[in-house]
>>> print(open('coords.cif').read())   # mmCIF, N, CA and C atoms
data_my_file
#
loop_
_atom_site.label_atom_id
_atom_site.label_comp_id
_atom_site.auth_asym_id
_atom_site.auth_seq_id
_atom_site.Cartn_x
_atom_site.Cartn_y
_atom_site.Cartn_z
N MET A 286 9.48 -47.43 17.33
CA MET A 286 8.94 -46.21 16.77
C MET A 286 8.22 -46.54 15.48
N TYR A 287 7.34 -45.64 15.08
CA TYR A 287 6.52 -45.85 13.89
C TYR A 287 6.61 -44.61 13.02
N ARG A 288 6.83 -44.81 11.72
CA ARG A 288 6.90 -43.68 10.79
C ARG A 288 5.94 -43.95 9.64
N GLN A 289 5.20 -42.89 9.29
CA GLN A 289 4.34 -42.94 8.12
C GLN A 289 4.54 -41.62 7.40
N GLY A 290 5.26 -41.65 6.28
CA GLY A 290 5.55 -40.41 5.56
C GLY A 290 6.34 -39.45 6.45
N ASP A 291 5.83 -38.24 6.63
CA ASP A 291 6.53 -37.23 7.43
C ASP A 291 6.11 -37.21 8.89
N ILE A 292 5.39 -38.24 9.34
CA ILE A 292 4.94 -38.34 10.74
C ILE A 292 5.71 -39.46 11.44
N LEU A 293 6.23 -39.14 12.63
CA LEU A 293 6.95 -40.09 13.46
C LEU A 293 6.23 -40.21 14.79
N LEU A 294 5.94 -41.44 15.21
CA LEU A 294 5.34 -41.70 16.51
C LEU A 294 6.36 -42.44 17.37
N LEU A 295 6.70 -41.82 18.50
CA LEU A 295 7.66 -42.39 19.42
C LEU A 295 6.92 -42.90 20.65
N PRO A 296 6.95 -44.21 20.93
CA PRO A 296 6.29 -44.71 22.13
C PRO A 296 6.90 -44.06 23.38
N VAL A 297 6.04 -43.74 24.34
CA VAL A 297 6.46 -43.12 25.60
C VAL A 297 5.86 -43.95 26.73
N ASP A 298 6.71 -44.37 27.68
CA ASP A 298 6.22 -45.10 28.84
C ASP A 298 5.31 -44.20 29.66
N ASP A 299 4.29 -44.78 30.28
CA ASP A 299 3.35 -44.01 31.09
C ASP A 299 4.06 -43.12 32.11
N THR A 300 5.15 -43.62 32.68
CA THR A 300 5.86 -42.86 33.71
C THR A 300 6.70 -41.73 33.12
N ALA A 301 6.92 -41.73 31.80
CA ALA A 301 7.75 -40.71 31.15
C ALA A 301 6.94 -39.62 30.44
N VAL A 302 5.63 -39.71 30.49
CA VAL A 302 4.79 -38.68 29.87
C VAL A 302 5.00 -37.38 30.65
N PRO A 303 5.37 -36.28 29.98
CA PRO A 303 5.63 -35.03 30.70
C PRO A 303 4.43 -34.56 31.52
N ALA A 304 4.74 -34.03 32.69
CA ALA A 304 3.68 -33.48 33.55
C ALA A 304 2.94 -32.39 32.79
N GLY A 305 1.66 -32.35 32.94
CA GLY A 305 0.85 -31.30 32.32
C GLY A 305 0.33 -31.62 30.93
N VAL A 306 0.76 -32.73 30.34
CA VAL A 306 0.31 -33.07 28.98
C VAL A 306 -1.21 -33.18 28.93
N THR A 307 -1.80 -33.85 29.90
CA THR A 307 -3.26 -34.03 29.85
C THR A 307 -4.02 -32.72 30.10
N GLY A 308 -3.30 -31.67 30.50
CA GLY A 308 -3.91 -30.35 30.65
C GLY A 308 -3.86 -29.53 29.37
N LEU A 309 -3.13 -30.03 28.36
CA LEU A 309 -3.05 -29.33 27.06
C LEU A 309 -4.37 -29.51 26.32
N PRO A 310 -4.67 -28.62 25.37
CA PRO A 310 -5.91 -28.79 24.61
C PRO A 310 -5.90 -30.08 23.80
N ALA A 311 -7.05 -30.73 23.74
CA ALA A 311 -7.20 -31.95 22.94
C ALA A 311 -7.70 -31.56 21.56
N LYS A 312 -7.14 -32.21 20.55
CA LYS A 312 -7.57 -31.93 19.18
C LYS A 312 -8.91 -32.60 18.92
N PRO A 313 -9.88 -31.86 18.40
CA PRO A 313 -11.18 -32.49 18.08
C PRO A 313 -11.04 -33.44 16.89
N ARG A 314 -11.94 -34.39 16.82
CA ARG A 314 -11.97 -35.31 15.67
C ARG A 314 -12.55 -34.61 14.46
N ASP A 315 -12.17 -35.08 13.29
CA ASP A 315 -12.71 -34.48 12.07
C ASP A 315 -14.11 -35.02 11.79
N GLY A 316 -14.70 -34.62 10.68
CA GLY A 316 -16.06 -35.01 10.32
C GLY A 316 -16.23 -36.50 10.08
N ARG A 317 -15.12 -37.21 9.89
CA ARG A 317 -15.17 -38.67 9.69
C ARG A 317 -14.85 -39.42 10.97
N GLY A 318 -14.70 -38.69 12.09
CA GLY A 318 -14.45 -39.33 13.38
C GLY A 318 -13.00 -39.68 13.63
N ARG A 319 -12.09 -39.17 12.82
CA ARG A 319 -10.66 -39.49 12.94
C ARG A 319 -9.94 -38.42 13.76
N ILE A 320 -8.81 -38.81 14.35
CA ILE A 320 -7.89 -37.85 14.94
C ILE A 320 -6.83 -37.58 13.87
N VAL A 321 -6.86 -36.40 13.26
CA VAL A 321 -5.93 -36.07 12.19
C VAL A 321 -4.63 -35.54 12.81
N LEU A 322 -3.53 -36.26 12.55
CA LEU A 322 -2.23 -35.85 13.06
C LEU A 322 -1.59 -34.80 12.16
N ALA A 323 -1.80 -34.94 10.86
CA ALA A 323 -1.27 -33.97 9.90
C ALA A 323 -2.09 -34.05 8.63
N LEU A 324 -2.34 -32.89 8.04
CA LEU A 324 -3.11 -32.80 6.81
C LEU A 324 -2.20 -32.29 5.70
N GLY A 325 -2.16 -32.99 4.57
CA GLY A 325 -1.32 -32.58 3.46
C GLY A 325 -1.77 -31.26 2.87
N GLU A 326 -0.84 -30.30 2.80
CA GLU A 326 -1.17 -28.98 2.26
C GLU A 326 -1.45 -29.04 0.76
N VAL A 327 -0.79 -29.96 0.09
CA VAL A 327 -0.93 -30.06 -1.37
C VAL A 327 -2.06 -31.01 -1.75
N THR A 328 -2.10 -32.21 -1.13
CA THR A 328 -3.05 -33.24 -1.53
C THR A 328 -4.35 -33.24 -0.75
N GLY A 329 -4.32 -32.70 0.47
CA GLY A 329 -5.48 -32.78 1.34
C GLY A 329 -5.63 -34.13 2.02
N HIS A 330 -4.68 -35.05 1.77
CA HIS A 330 -4.70 -36.35 2.43
C HIS A 330 -4.27 -36.19 3.88
N ALA A 331 -4.71 -37.11 4.74
CA ALA A 331 -4.46 -36.97 6.17
C ALA A 331 -3.79 -38.20 6.76
N HIS A 332 -2.83 -37.96 7.66
CA HIS A 332 -2.32 -38.99 8.55
C HIS A 332 -3.27 -38.96 9.73
N ALA A 333 -4.00 -40.05 9.97
CA ALA A 333 -5.07 -40.02 10.97
C ALA A 333 -5.15 -41.33 11.74
N VAL A 334 -5.57 -41.21 13.00
CA VAL A 334 -5.83 -42.35 13.87
C VAL A 334 -7.33 -42.60 13.84
N VAL A 335 -7.71 -43.86 13.66
CA VAL A 335 -9.14 -44.17 13.49
C VAL A 335 -9.77 -44.85 14.69
N GLY A 336 -9.05 -44.99 15.79
CA GLY A 336 -9.60 -45.67 16.96
C GLY A 336 -9.73 -44.77 18.17
N ALA A 337 -9.91 -45.40 19.32
CA ALA A 337 -10.12 -44.68 20.58
C ALA A 337 -8.82 -44.06 21.07
N GLY A 338 -8.85 -42.76 21.28
CA GLY A 338 -7.66 -42.08 21.78
C GLY A 338 -7.86 -40.58 21.82
N THR A 339 -6.81 -39.89 22.29
CA THR A 339 -6.83 -38.43 22.39
C THR A 339 -5.48 -37.88 21.99
N LEU A 340 -5.47 -36.82 21.18
CA LEU A 340 -4.25 -36.10 20.83
C LEU A 340 -4.23 -34.81 21.62
N PHE A 341 -3.24 -34.69 22.51
CA PHE A 341 -3.04 -33.47 23.29
C PHE A 341 -2.05 -32.61 22.53
N LEU A 342 -2.47 -31.42 22.09
CA LEU A 342 -1.67 -30.56 21.23
C LEU A 342 -0.56 -29.87 22.01
N ASP A 343 0.64 -29.87 21.43
CA ASP A 343 1.81 -29.27 22.05
C ASP A 343 2.02 -27.87 21.50
N PRO A 344 2.38 -26.89 22.34
CA PRO A 344 2.64 -25.55 21.82
C PRO A 344 3.94 -25.45 21.02
N GLU A 345 4.82 -26.42 21.14
CA GLU A 345 6.08 -26.45 20.38
C GLU A 345 5.75 -26.74 18.91
N PRO A 346 6.17 -25.87 17.97
CA PRO A 346 5.76 -26.04 16.56
C PRO A 346 6.28 -27.30 15.87
N THR A 347 7.41 -27.87 16.33
CA THR A 347 7.93 -29.06 15.66
C THR A 347 7.36 -30.35 16.24
N THR A 348 6.67 -30.25 17.37
CA THR A 348 6.02 -31.41 17.96
C THR A 348 4.52 -31.22 17.84
N ILE A 349 3.84 -32.17 17.26
CA ILE A 349 2.40 -32.07 17.11
C ILE A 349 1.74 -32.23 18.47
N GLY A 350 2.23 -33.18 19.26
CA GLY A 350 1.67 -33.38 20.59
C GLY A 350 1.91 -34.77 21.10
N HIS A 351 1.15 -35.14 22.10
CA HIS A 351 1.20 -36.48 22.68
C HIS A 351 -0.13 -37.16 22.44
N LEU A 352 -0.04 -38.38 21.93
CA LEU A 352 -1.22 -39.16 21.58
C LEU A 352 -1.39 -40.28 22.60
N LYS A 353 -2.56 -40.36 23.20
CA LYS A 353 -2.88 -41.46 24.12
C LYS A 353 -3.89 -42.35 23.43
N LEU A 354 -3.51 -43.60 23.21
CA LEU A 354 -4.42 -44.58 22.60
C LEU A 354 -4.98 -45.46 23.70
N ASP A 355 -6.30 -45.51 23.80
CA ASP A 355 -6.97 -46.28 24.83
C ASP A 355 -7.13 -47.76 24.46
N ALA A 356 -6.87 -48.08 23.22
CA ALA A 356 -6.97 -49.45 22.72
C ALA A 356 -6.10 -49.54 21.47
N PRO A 357 -5.70 -50.75 21.06
CA PRO A 357 -4.96 -50.87 19.80
C PRO A 357 -5.77 -50.26 18.66
N THR A 358 -5.09 -49.59 17.75
CA THR A 358 -5.78 -48.93 16.64
C THR A 358 -4.86 -48.87 15.43
N ARG A 359 -5.26 -48.09 14.42
CA ARG A 359 -4.46 -47.98 13.19
C ARG A 359 -4.21 -46.53 12.84
N LEU A 360 -3.03 -46.28 12.27
CA LEU A 360 -2.69 -44.99 11.68
C LEU A 360 -2.88 -45.16 10.18
N VAL A 361 -3.72 -44.33 9.57
CA VAL A 361 -4.05 -44.49 8.15
C VAL A 361 -3.68 -43.23 7.36
N HIS A 362 -3.51 -43.42 6.06
CA HIS A 362 -3.25 -42.34 5.11
C HIS A 362 -3.60 -42.87 3.74
N GLU A 363 -4.11 -42.01 2.88
CA GLU A 363 -4.56 -42.42 1.56
C GLU A 363 -3.45 -42.97 0.67
N GLU A 364 -2.19 -42.58 0.91
CA GLU A 364 -1.09 -43.00 0.04
C GLU A 364 -0.07 -43.91 0.72
N HIS A 365 -0.35 -44.31 1.97
CA HIS A 365 0.58 -45.17 2.70
C HIS A 365 -0.19 -46.37 3.25
N ALA A 366 0.55 -47.45 3.52
CA ALA A 366 -0.07 -48.61 4.17
C ALA A 366 -0.45 -48.24 5.60
N ALA A 367 -1.55 -48.80 6.08
CA ALA A 367 -1.97 -48.57 7.46
C ALA A 367 -0.96 -49.21 8.40
N ILE A 368 -0.79 -48.59 9.57
CA ILE A 368 0.13 -49.09 10.59
C ILE A 368 -0.69 -49.42 11.84
N SER A 369 -0.53 -50.63 12.35
CA SER A 369 -1.20 -51.02 13.60
C SER A 369 -0.40 -50.47 14.77
N LEU A 370 -1.10 -49.83 15.69
CA LEU A 370 -0.47 -49.23 16.86
C LEU A 370 -1.02 -49.87 18.13
N PRO A 371 -0.14 -50.28 19.06
CA PRO A 371 -0.62 -50.79 20.33
C PRO A 371 -1.15 -49.67 21.23
N LYS A 372 -1.95 -50.05 22.18
CA LYS A 372 -2.45 -49.12 23.20
C LYS A 372 -1.26 -48.47 23.90
N GLY A 373 -1.40 -47.19 24.28
CA GLY A 373 -0.34 -46.53 25.03
C GLY A 373 -0.16 -45.07 24.62
N TRP A 374 0.94 -44.49 25.09
CA TRP A 374 1.28 -43.08 24.82
C TRP A 374 2.32 -42.98 23.72
N TYR A 375 2.22 -41.91 22.90
CA TYR A 375 3.17 -41.65 21.82
C TYR A 375 3.44 -40.15 21.75
N LYS A 376 4.68 -39.81 21.47
CA LYS A 376 5.02 -38.43 21.11
C LYS A 376 4.91 -38.37 19.59
N VAL A 377 4.18 -37.39 19.08
CA VAL A 377 3.96 -37.27 17.64
C VAL A 377 4.80 -36.12 17.11
N VAL A 378 5.70 -36.42 16.17
CA VAL A 378 6.63 -35.43 15.63
C VAL A 378 6.45 -35.36 14.12
N ARG A 379 6.50 -34.15 13.59
CA ARG A 379 6.44 -33.96 12.14
C ARG A 379 7.85 -33.72 11.61
N GLN A 380 8.21 -34.36 10.52
CA GLN A 380 9.53 -34.22 9.93
C GLN A 380 9.80 -32.78 9.54
N ARG A 381 11.04 -32.37 9.75
CA ARG A 381 11.48 -31.03 9.37
C ARG A 381 12.55 -31.14 8.30
N GLU A 382 12.78 -30.05 7.59
CA GLU A 382 13.85 -30.03 6.60
C GLU A 382 14.60 -28.71 6.72
N TYR A 383 15.87 -28.76 6.34
CA TYR A 383 16.70 -27.56 6.39
C TYR A 383 16.73 -26.92 5.01
N VAL A 384 16.51 -25.65 4.98
CA VAL A 384 16.74 -24.84 3.78
C VAL A 384 17.65 -23.71 4.24
N PRO A 385 18.53 -23.20 3.40
CA PRO A 385 19.44 -22.17 3.86
C PRO A 385 18.71 -21.05 4.65
N GLY A 386 19.16 -20.90 5.87
CA GLY A 386 18.61 -19.84 6.72
C GLY A 386 17.40 -20.22 7.55
N ALA A 387 16.90 -21.46 7.42
CA ALA A 387 15.70 -21.81 8.17
C ALA A 387 15.54 -23.33 8.29
N VAL A 388 14.79 -23.72 9.27
CA VAL A 388 14.32 -25.10 9.42
C VAL A 388 12.81 -25.02 9.34
N ARG A 389 12.20 -25.85 8.50
CA ARG A 389 10.75 -25.76 8.33
C ARG A 389 10.13 -27.15 8.32
N ILE A 390 8.84 -27.17 8.51
CA ILE A 390 8.07 -28.41 8.45
C ILE A 390 8.01 -28.85 7.00
N VAL A 391 8.14 -30.15 6.76
CA VAL A 391 8.05 -30.70 5.40
C VAL A 391 6.64 -30.53 4.88
N ALA A 392 6.51 -30.02 3.66
CA ALA A 392 5.19 -29.89 3.02
C ALA A 392 4.83 -31.24 2.41
N ASP A 393 3.61 -31.69 2.65
CA ASP A 393 3.14 -32.98 2.16
C ASP A 393 2.35 -32.78 0.87
#
>>> encode(input="coords.cif", output="structure tokens")
Amino acid sequence: MYRQGDILLLPVDDTAVPAGVTGLPAKPRDGRGRIVLALGEVTGHAHAVVGAGTLFLDPEPTTIGHLKLDAPTRLVHEEHAAISLPKGWYKVVRQREYVPGAVRIVAD
């Protein structure tokens, strides 16, 4: 597994990718050609993939979606070291935190 700040990428075997994932909407790339997995609400910095791939968005609010990388690439962020990712499928999860009475997404 790979973690960068509040983003967790869990490798998923091709045979374990849930049915229907490729039918989910794909997230468009930003103006810099990146696939943004999460954008910091405070800093505006982004956890982003800079290579060939597709992020299929999940309707579940705690799961960002499933990322298919067509070639080895990197996960980048302005305040973290880049992470090299092998080709394949990943489940992308955003860290949550508990506050009395609720579970919420961590603010970056």
>>> resolve_selection(input="coords.cif", expression="the PyMOL selection byres ((chain A and resi 293-296) around 6.5)", output="number ranges by chain")
A: 286-292, 297-298, 374-380
>>> select_by_dssp(input="coords.cif", residues="range 292-368 of chain A", states="strand (DSSP E)", output="PyMOL selection string")
chain A and resi 292-297+320-324+331-334+338-342+348-354+358-362+365-368
>>> resolve_selection(input="coords.cif", expression="the PyMOL selection byres (((chain A and resi 300-312 and name CA) around 10) and name CA)", output="list in words")
Pro296, Val297, Asp298, Asp299, Pro313, Arg314, Asp315, Ile320, Val321, Leu322, Thr339, Leu340, Phe341, Leu342, Asp343, Pro344, Gly350, His351, Leu352, Lys353, Trp374, Tyr375 and Lys376 of chain A
>>> atom_distance(input="coords.cif", atom1="atom N of Ala333 in chain A", atom2="atom N of His362 in chain A")
5.2 Å
>>> closest_residue(input="coords.cif", among="A:Ile349, A:Ala337, A:Pro357, A:Ser369", to="Leu324 in chain A", atoms="only C-alpha atoms")
A:Ile349
>>> atom_distance(input="coords.cif", atom1="atom N of Ala331 in chain A", atom2="atom N of Glu364 in chain A")
7.1 Å
